[in-house]
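Undergrad: Sharing a structure, written as structure tokens. Questions coming.
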Amino acid sequence: MALDFDRIREAHDRIRPHIHLTPVLTSARLDAACGGRLHFKCENFQKAGAFKSRGAVNAVFSLSDAVARNGVATHSSGNHAAALARAAGLRSIPAHIVMPANSLRAKVRAVEGYGGRIVFCAPNQTARETACVGIVAQTGATLVHPFENEDVMAGQGTVALEFLEAVPDLDVLLCPVGGGGLLAGTAVAAKHLRPDIQVIAVEPALADDTAVSFRAGHLVPRPTQNTIADGLRTLIGEPNLEIALRLVDDVVTVGEESITAAMRLLWESLKIVVEPSAAVVYAAFLESRIPTSSRRFGLILTGGNVDLDALPWQPSRR
């Protein structure tokens, strides 16, 4: 892989005019509950509501004018879809988005709002990839893979770059993992800036392919069940796993009840909206998966795109 810290720094310079410098929040209540000092990087305040805007903008603005005019295409359950549609709009080029038929309505509306041209498919990886290949063949659009694209990974790595510039003495950095684009970029940036920092990935137990592959030392295909953390249902990419095996210290999994409880606690304590896929990092503390020892922790809250009509603690969802 050609992904290195220089590419992440270049990506940050490229995307800076088009993204938010998101805040880092703390909570004395949450610190007391876990026994450590927690710092939350709030990508729920990012453009399009998630960290995905960073990678999408970097990928779109890395294209030459000649290539960009045919547009871009991708497959995504929501946050990357909206981010790519927004980034394409900034360059006034088409964005063709393949979305699973079971995508959250709130995320579908977001893609439509940014002008993305949606094609729905069956909710599985093969259907997503097949539909995307067809669109690329028909339109000449450039495929911007949601997590295996190096420009996307570099853009996602700017989260850790900003985080460690704001809080340089973090001991542990916790990162949600689905496809692994954020994890790859985070690991490269964090280990460059702080070689002794621990990078820990967190995923739902119902989508534990990264944990299984990490322990095996190679990609192990696993069926993904219907976890509430819809943004983490995607299987990790092979190049992303390669980086994780070199630079990530551990991968832990958390249960559905803990994800829901963590999401609600973050809403109540930080007074912010985060989605289940973001809440997994705090769920790891609720399940005592992370040894505290009064250390300083960085938690990446990846997004805040939530269907407010179907919150997980509402009676209709129980």
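Chain labels A, B, ... are given in the sequence in which chains occur in the structure tokens; within each chain residues are numbered consecutively from 1, and ligands are likewise numbered from 1 in the order shown.
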Please provide the set of residues having any atom within 7 Å of A:Gly304, restricted to only C-alpha atoms, with same-chain residues fewer than 6 positions apart removed, written as a list in words.
TA: Asn44, Gly49, Ala50, Val273, Val274 and Glu275 of chain A
Undergrad: Could you write out that same residue set with N, CA and C atoms as a PDB file, in the first residue's frame?
TA:
ATOM      1  N   ASN A  44     -19.708  13.586  14.164  1.00  0.00           N
ATOM      2  CA  ASN A  44     -21.139  13.784  13.929  1.00  0.00           C
ATOM      3  C   ASN A  44     -21.429  15.225  13.542  1.00  0.00           C
ATOM      4  N   GLY A  49     -22.715  15.008   8.090  1.00  0.00           N
ATOM      5  CA  GLY A  49     -23.010  14.292   9.320  1.00  0.00           C
ATOM      6  C   GLY A  49     -22.099  13.140   9.678  1.00  0.00           C
ATOM      7  N   ALA A  50     -20.949  13.006   8.990  1.00  0.00           N
ATOM      8  CA  ALA A  50     -20.067  11.866   9.296  1.00  0.00           C
ATOM      9  C   ALA A  50     -18.667  12.102   8.736  1.00  0.00           C
ATOM     10  N   VAL A 273     -26.110  14.247  19.156  1.00  0.00           N
ATOM     11  CA  VAL A 273     -26.709  13.106  18.467  1.00  0.00           C
ATOM     12  C   VAL A 273     -25.603  12.281  17.816  1.00  0.00           C
ATOM     13  N   VAL A 274     -25.484  11.021  18.212  1.00  0.00           N
ATOM     14  CA  VAL A 274     -24.548  10.106  17.563  1.00  0.00           C
ATOM     15  C   VAL A 274     -25.322   8.861  17.134  1.00  0.00           C
ATOM     16  N   GLU A 275     -24.872   8.229  16.072  1.00  0.00           N
ATOM     17  CA  GLU A 275     -25.533   7.037  15.574  1.00  0.00           C
ATOM     18  C   GLU A 275     -24.928   5.786  16.217  1.00  0.00           C
TER      19      GLU A 275
END
Undergrad: Restrict the calculation to only C-alpha atoms, then for each residue of stretch 170-211 of chain A with any atom at most 10 Å from an atom of stretch 278-289 of chain A give the closest atom pair and their distance in Å to one decimal, rows by chain and rising residue number, as a Markdown table.
TA:
| residue | atom | partner | partner_atom | distance |
| --- | --- | --- | --- | --- |
| A:Leu173 | CA | A:Val281 | CA | 9.6 |
| A:Leu174 | CA | A:Val281 | CA | 6.1 |
| A:Cys175 | CA | A:Val281 | CA | 6.6 |
| A:Pro176 | CA | A:Val281 | CA | 6.3 |
| A:Val177 | CA | A:Val280 | CA | 9.3 |
| A:Ile200 | CA | A:Val281 | CA | 9.2 |
| A:Ala201 | CA | A:Val281 | CA | 8.2 |
| A:Val202 | CA | A:Val281 | CA | 6.0 |
| A:Glu203 | CA | A:Val280 | CA | 6.5 |
| A:Pro204 | CA | A:Val280 | CA | 7.1 |
Undergrad: Save the residues we just selected, C-alpha atoms, as a PDB file, in the first residue's frame?
TA:
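out.pdb written:
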ATOM      1  CA  LEU A 173      -7.199   5.751  20.289  1.00  0.00           C
ATOM      2  CA  LEU A 174     -10.466   3.849  19.723  1.00  0.00           C
ATOM      3  CA  CYS A 175     -11.893   3.623  16.228  1.00  0.00           C
ATOM      4  CA  PRO A 176     -15.065   1.935  14.920  1.00  0.00           C
ATOM      5  CA  VAL A 177     -14.443  -0.485  12.069  1.00  0.00           C
ATOM      6  CA  ILE A 200      -7.907  -0.303  19.121  1.00  0.00           C
ATOM      7  CA  ALA A 201     -10.688  -1.084  16.658  1.00  0.00           C
ATOM      8  CA  VAL A 202     -14.244  -1.727  17.857  1.00  0.00           C
ATOM      9  CA  GLU A 203     -17.038  -3.490  15.978  1.00  0.00           C
ATOM     10  CA  PRO A 204     -20.383  -5.148  16.776  1.00  0.00           C
TER      11      PRO A 204
END
Undergrad: Between A:His18, A:His96, A:Arg117, A:His39, which one has atoms that come closest to A:Cys132, using only C-alpha atoms?
TA: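 Checking each candidate against A:Cys132, we get A:His96 as the closest.
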Undergrad: Would you give me, as a PyMOL selection string, the residues in stretch 98-282 of chain A that DSSP reads as strand (DSSP E)?
TA: chain A and resi 98-100+117-121+142-143+172-176+198-204+250-254
Undergrad: Wanna dump the stretch 106-175 of chain A-stretch 295-298 of chain A contacts at 9 Å for me, each residue with its shortest atom pair and the distance in Å to one decimal, counting only C-alpha atoms, ordered by chain and number, as a tab-separated table?
TA:
residue	atom	partner	partner_atom	distance
A:Phe163	CA	A:Gly298	CA	7.9
A:Leu164	CA	A:Gly298	CA	8.8
A:Val167	CA	A:Gly298	CA	8.4
A:Asp169	CA	A:Arg296	CA	7.5
A:Leu170	CA	A:Arg296	CA	5.1
A:Asp171	CA	A:Arg296	CA	5.3
A:Val172	CA	A:Phe297	CA	4.9
A:Leu173	CA	A:Gly298	CA	4.6
A:Leu174	CA	A:Gly298	CA	6.1
A:Cys175	CA	A:Gly298	CA	8.6
Undergrad: For A:Asn58, which residue out of A:Gly113, A:Gly35, A:Pro123, A:Gly157 is the nearest one, using only C-alpha atoms?
TA: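 That would be A:Gly157, the residue with the smallest distance to A:Asn58.
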Undergrad: Measuring atom to atom with only C-alpha atoms, identify which of A:Asp249, A:Gln314, A:Ser269, A:Leu104 is nearest to A:Ile197.
TA: A:Asp249
Undergrad: Mind giving me the straight-line distance from atom CA of A:Gly255 to atom CA of A:Ala229 in Å, one decimal?
TA: 10.3 Å
Undergrad: Which polymer residues have any atom within 6 Å of an atom of stretch 133-147 of chain A, counting only C-alpha atoms, with same-chain residues fewer than 6 positions away left out, as an mmCIF file with N, CA and C atoms, in the first residue's frame?
TA:
data_model
loop_
_atom_site.group_PDB
_atom_site.id
_atom_site.type_symbol
_atom_site.label_atom_id
_atom_site.label_comp_id
_atom_site.auth_asym_id
_atom_site.auth_seq_id
_atom_site.Cartn_x
_atom_site.Cartn_y
_atom_site.Cartn_z
ATOM 1 N N ASN A 70 -16.931 12.832 -16.104
ATOM 2 C CA ASN A 70 -17.823 11.685 -16.257
ATOM 3 C C ASN A 70 -18.501 11.292 -14.939
ATOM 4 N N GLY A 71 -18.120 11.937 -13.873
ATOM 5 C CA GLY A 71 -18.769 11.675 -12.603
ATOM 6 C C GLY A 71 -18.083 10.587 -11.800
ATOM 7 N N VAL A 72 -18.690 10.285 -10.663
ATOM 8 C CA VAL A 72 -18.171 9.260 -9.758
ATOM 9 C C VAL A 72 -19.291 8.292 -9.411
ATOM 10 N N ALA A 73 -18.900 7.116 -8.955
ATOM 11 C CA ALA A 73 -19.881 6.095 -8.574
ATOM 12 C C ALA A 73 -19.373 5.363 -7.340
ATOM 13 N N THR A 74 -20.314 4.842 -6.557
ATOM 14 C CA THR A 74 -19.944 4.043 -5.397
ATOM 15 C C THR A 74 -21.125 3.204 -4.956
ATOM 16 N N GLY A 179 -15.763 -1.303 6.978
ATOM 17 C CA GLY A 179 -14.897 -1.639 5.850
ATOM 18 C C GLY A 179 -13.429 -1.424 6.126
ATOM 19 N N GLY A 181 -11.692 1.710 6.142
ATOM 20 C CA GLY A 181 -11.024 2.890 5.600
ATOM 21 C C GLY A 181 -10.583 3.855 6.686
#
Undergrad: Any idea what's packed within 8 Å of stretch 233-241 of chain A, counting only C-alpha atoms, ignoring anything in its chain fewer than 6 positions away? Could you give it as a tab-separated table (two decimals) with C-alpha atoms, in the first residue's frame?
TA:
chain	number	residue	atom	x	y	z
A	1	MET	CA	0.00	0.00	0.00
A	125	GLN	CA	-22.10	-7.18	-0.93
A	147	PHE	CA	-12.98	2.08	1.98
A	148	GLU	CA	-10.40	0.42	-0.31
A	177	VAL	CA	-14.44	-0.48	12.07
A	178	GLY	CA	-16.64	-1.64	9.22
A	179	GLY	CA	-14.90	-1.64	5.85
A	180	GLY	CA	-11.73	-0.34	7.47
A	181	GLY	CA	-11.02	2.89	5.60
A	183	LEU	CA	-9.17	2.39	10.70
A	184	ALA	CA	-6.43	2.25	8.08
A	207	ALA	CA	-20.39	-8.09	12.48
A	209	ASP	CA	-15.29	-10.19	10.61
A	210	THR	CA	-12.46	-7.79	11.46
A	213	SER	CA	-9.59	-11.90	10.49
A	214	PHE	CA	-7.27	-9.95	12.79
A	218	HIS	CA	-5.66	-13.10	7.08
A	219	LEU	CA	-9.05	-12.24	5.62
A	221	PRO	CA	-15.13	-14.03	5.09
A	222	ARG	CA	-17.96	-13.95	7.63
A	224	THR	CA	-22.80	-10.18	8.75
A	225	GLN	CA	-25.98	-10.19	10.79
A	226	ASN	CA	-28.41	-7.32	11.15
A	227	THR	CA	-26.62	-5.25	13.76
Undergrad: Skipping near chain neighbours, those fewer than 3 positions away, what residues fall within 10 Å of A:Asn124 using only C-alpha atoms, listed as a list in words?
TA: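 What passes the distance filter is Pro100, Ala101, Cys121, Ala127, Arg128, Glu129, Pro223, Thr224, Arg233 and Thr234 of chain A.
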Undergrad: Find, counting only C-alpha atoms, the residue in A:Val220, A:Ala160, A:Leu247, A:Ile259 that gets nearest to A:Leu206.
TA: A:Ile259
Undergrad: For A:Thr158, which residue among A:Ala2, A:Val119, A:Met263, A:Ala11 is the nearest when counting only C-alpha atoms?
TA: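 Under the stated criterion, the closest residue is A:Ala11.
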Undergrad: Residues near A:Asn79, anyone? I mean within 10 Å using only C-alpha atoms, not counting same-chain ones fewer than 5 positions away, as a list in words.
TA: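 The filter keeps Ala48, Gly49, Ala50, Phe51, Lys52, Ser53, Leu84, Ala85, Lys107, Val108, Ala110, Val111, Pro146, Gly231, Thr302, Gly303, Gly304 and Asn305 of chain A.
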Undergrad: Between atom CA of A:Pro168 and atom CA of A:Glu43, what is the distance in Å, rounded to a tenth?
TA: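 Between atom CA of A:Pro168 and atom CA of A:Glu43 the gap works out to 18.1 Å.
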Undergrad: Pick out the residues sitting within 9 Å of A:Ser62, and hand them over as an MDAnalysis selection string; count only C-alpha atoms, and ignore anything fewer than 5 positions along from it in its own chain.
TA: chainID A and resid 11 14 57 151
Undergrad: Separation of atom CA of A:Ser293 and atom CA of A:Leu270, in Å?
TA: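 Atom CA of A:Leu270 lies 22.7 Å from atom CA of A:Ser293.
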